[in-house]
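A.B. asks: Below you'll find the structure I mean.
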Amino acid sequence: MKLIFSKLPIFIAILAIVSCKEVSNEVVKEAPAPSPVKVYTNQDISVKAYEYEGLQYFLNRDNDTTYVINFWATWCVPCIEELPYFEKLNTKYKEDKVKVLLVSLDMRKMIESKLMPFLKEKQLKSDVIVMTDPDANSWIPKIDSTWSGAIPATIIYNKEKRKFYEQSFTYDGLETELLSIK
Amino acid sequence: MKASKFLGFFTVVSLLTLNVACKESSNKEETDQTAETVEVADNTAEEAAEETRTGYKIGDVATDFSLKNTDGKNVALRDMADAKGYIVIFTCNHCPYAKAYEDRIIALDKKYKAKGYPVVAINPNNPEKMKDDSFEKMQERAKEKGFTFPYLLDDGQKIYPQYGATKTPHVYILQKTDNGNVVKYIGAIDDNYEDESAVEAKYVEDAVDALLAGKDVPVKETKAIGCSIKA
């Protein structure tokens with residue numbers, strides 16, 4: 001009996017330390033990706049749709065990767081022109097912890113009719129998600145206080161640096177900016 | 001018995017100590033994270049301040065212009081002698097957002113022209129960069145939709161940079177005063193481009209209603225997604 005009592009505090013202490021460690025481990029580990037509000041599928045292509053709450057996760061990841069986030073839409077001519085540069089960047093820096101994420105702002109009624117056929121035709125290598133939150137005035141300033149809402153617009157960030165661009169890019173311009181942040 | 005009591009007490013104390021230590025460490029991490037967020041926000045603010053702001057701010061006096069309307073005649077703000085102000089909208093033919101708002105722009109003109117705030121639409125795009133926004137296509141569109149307001153071509157793309165428009169549609173509400181046409185609102189038409197029936201905030205209507213009532217405009221600036229202007 002006495003033996004059990006004398007060992008009990010040690011046992012509890014160990015238990016507490018273990019559970020404490022687990023808690024702090026969770027803080028360090030990145031939260032899982034949020035669930036999309038909808039998933040659009042067309043044969044082998046599928047795209048996840050998010051509102052601002054879900055999108056935030058992709059704009060604030062805290063790991064060793066540098067993320068290049070491009071806001072675009074199929075109807076936006078200058079966006080389509082610069083899309084190949086983002087694709088090239090994504091492929092070239094694949095092994096160097098760089099990830100391109102293309103955030104489509106196509107209107108909901110255009111996702112099935114325009115975005116999905118476009119993605120099927122282009123077979124983009126970069127990740128694509130779609131942002132379907134129509135109340136843009138609430139989320140544009142949260143993405144960047146200087147953004148007027150015109151697209152194309154791009155964010156390049158990692159856990160140390162972040163830059164926002166409301167402009168079109170050439171490939172060289174885009175690569176220079178990436179290297180200034182990476 | 002005494003020993004077990006002591007042990008029990010010891011257990012409680014040690015557990016409390018551990019808990020506190022555990023909490024402190026996670027609190028510290030939270031604090032660190034907050035500090036990081038604040039730092040990021042500071043950087044953004046600095047960058048914004050560094051950038052020279054072009055175009056009008058609320059309270060600035062907006063320039064008048066004389067631009068060619070789809071009927072071939074030039075239109076200037078000063079021509080509309082009865083107006084109390086103007087709903088100047090940079091818009092165009094090709095942009096899906098501009099198209100989504102066409103009917104709402106017509107409705108704005110119908111509602112507010114008689115009250116003294118007519119719509120004046122300006123296409124800021126360079127037709128050489130965007131064929132669908134040529135003067136001829138503007139004429140076609142104005143006819144098709146039965147525009148009740150002037151639809152002007154910003155020939156040479158000289159007016160929109162003075163206003164600071166970056167996209168279509170982009171609205172500037174001006175109030176006519178003795179000192180000129182003062183900018184009272186800059187931004188979006190309302191808060192839902194894709195579904196008019198789901199609109200909750202009619203920014204432009206609220207602003208003009210306030211001006212007509214002699215009140216302060218409730219929401220002076222809003223942001224919206226739009227097509228970048230092609231100069």
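For the structure tokens, the naming scheme is as follows: chains receive sequential letters (A, B, ...) according to their order of presentation, residues are indexed from 1 within each chain, and ligands are indexed from 1 in presentation order.
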Could you give me, as CSV, every chain B residue with an atom at most 6 Å from chain A, plus its closest atom pair and distance in Å to one decimal, counting only C-alpha atoms, rows ordered by chain then number?

C.D. replies:
```
residue,atom,partner,partner_atom,distance
B:Thr11,CA,A:Pro9,CA,4.8
B:Cys22,CA,A:Cys20,CA,5.7
B:Lys167,CA,A:Ala150,CA,5.4
B:Asp191,CA,A:Asp135,CA,5.2
B:Asn192,CA,A:Pro134,CA,5.4
B:Thr222,CA,A:Asn137,CA,5.6
B:Lys223,CA,A:Asn137,CA,4.6
B:Ala224,CA,A:Gly149,CA,5.1
B:Ile225,CA,A:Gly149,CA,4.2
B:Gly226,CA,A:Ala150,CA,5.0
B:Cys227,CA,A:Ala150,CA,5.6
B:Ser228,CA,A:Ala150,CA,4.9
```

A.B. asks: Can you tell me which residues surround Gly164 of chain B at a distance of at most 10 Å, considering only C-alpha atoms, apart from same-chain residues fewer than 2 positions away, and format the answer as a PDB file with C-alpha atoms, in the first residue's frame?

C.D. replies:
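The result, stored in selection_17.pdb:
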```pdb
ATOM      1  CA  ARG B  53      -0.887  57.555 -53.309  1.00  0.00           C
ATOM      2  CA  THR B  54      -2.121  58.598 -56.688  1.00  0.00           C
ATOM      3  CA  GLY B  55      -5.616  59.715 -57.455  1.00  0.00           C
ATOM      4  CA  TYR B  56      -8.276  61.340 -55.333  1.00  0.00           C
ATOM      5  CA  LYS B  57      -8.975  60.896 -51.675  1.00  0.00           C
ATOM      6  CA  ILE B 159      -8.801  61.156 -66.938  1.00  0.00           C
ATOM      7  CA  TYR B 160      -8.847  57.858 -65.026  1.00  0.00           C
ATOM      8  CA  PRO B 161      -5.287  58.272 -63.616  1.00  0.00           C
ATOM      9  CA  GLN B 162      -6.236  61.678 -62.201  1.00  0.00           C
ATOM     10  CA  THR B 166      -7.648  51.081 -61.016  1.00  0.00           C
ATOM     11  CA  LYS B 167     -10.403  48.810 -62.236  1.00  0.00           C
ATOM     12  CA  HIS B 170     -14.942  51.870 -59.973  1.00  0.00           C
ATOM     13  CA  TYR B 172     -16.599  58.174 -57.606  1.00  0.00           C
ATOM     14  CA  ILE B 186     -14.946  55.971 -53.768  1.00  0.00           C
TER      15      ILE B 186
END
```

A.B. asks: Which residues, written as a VMD selection string, have at least one atom at most 12 Å from Lys220 of chain B, with only C-alpha atoms counted and residues fewer than 2 positions away on the same chain left out?

C.D. replies: chain B and resid 57 to 59 171 to 174 183 to 189 203 to 208 210 to 211 216 to 218 222 to 223

A.B. asks: Which one of A:Lys38, A:Lys122, A:Lys92, A:Lys99 sits closest to Val68 of chain A if you count only C-alpha atoms?

C.D. replies: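 Using only C-alpha atoms, Val68 of chain A sits closest to A:Lys99.
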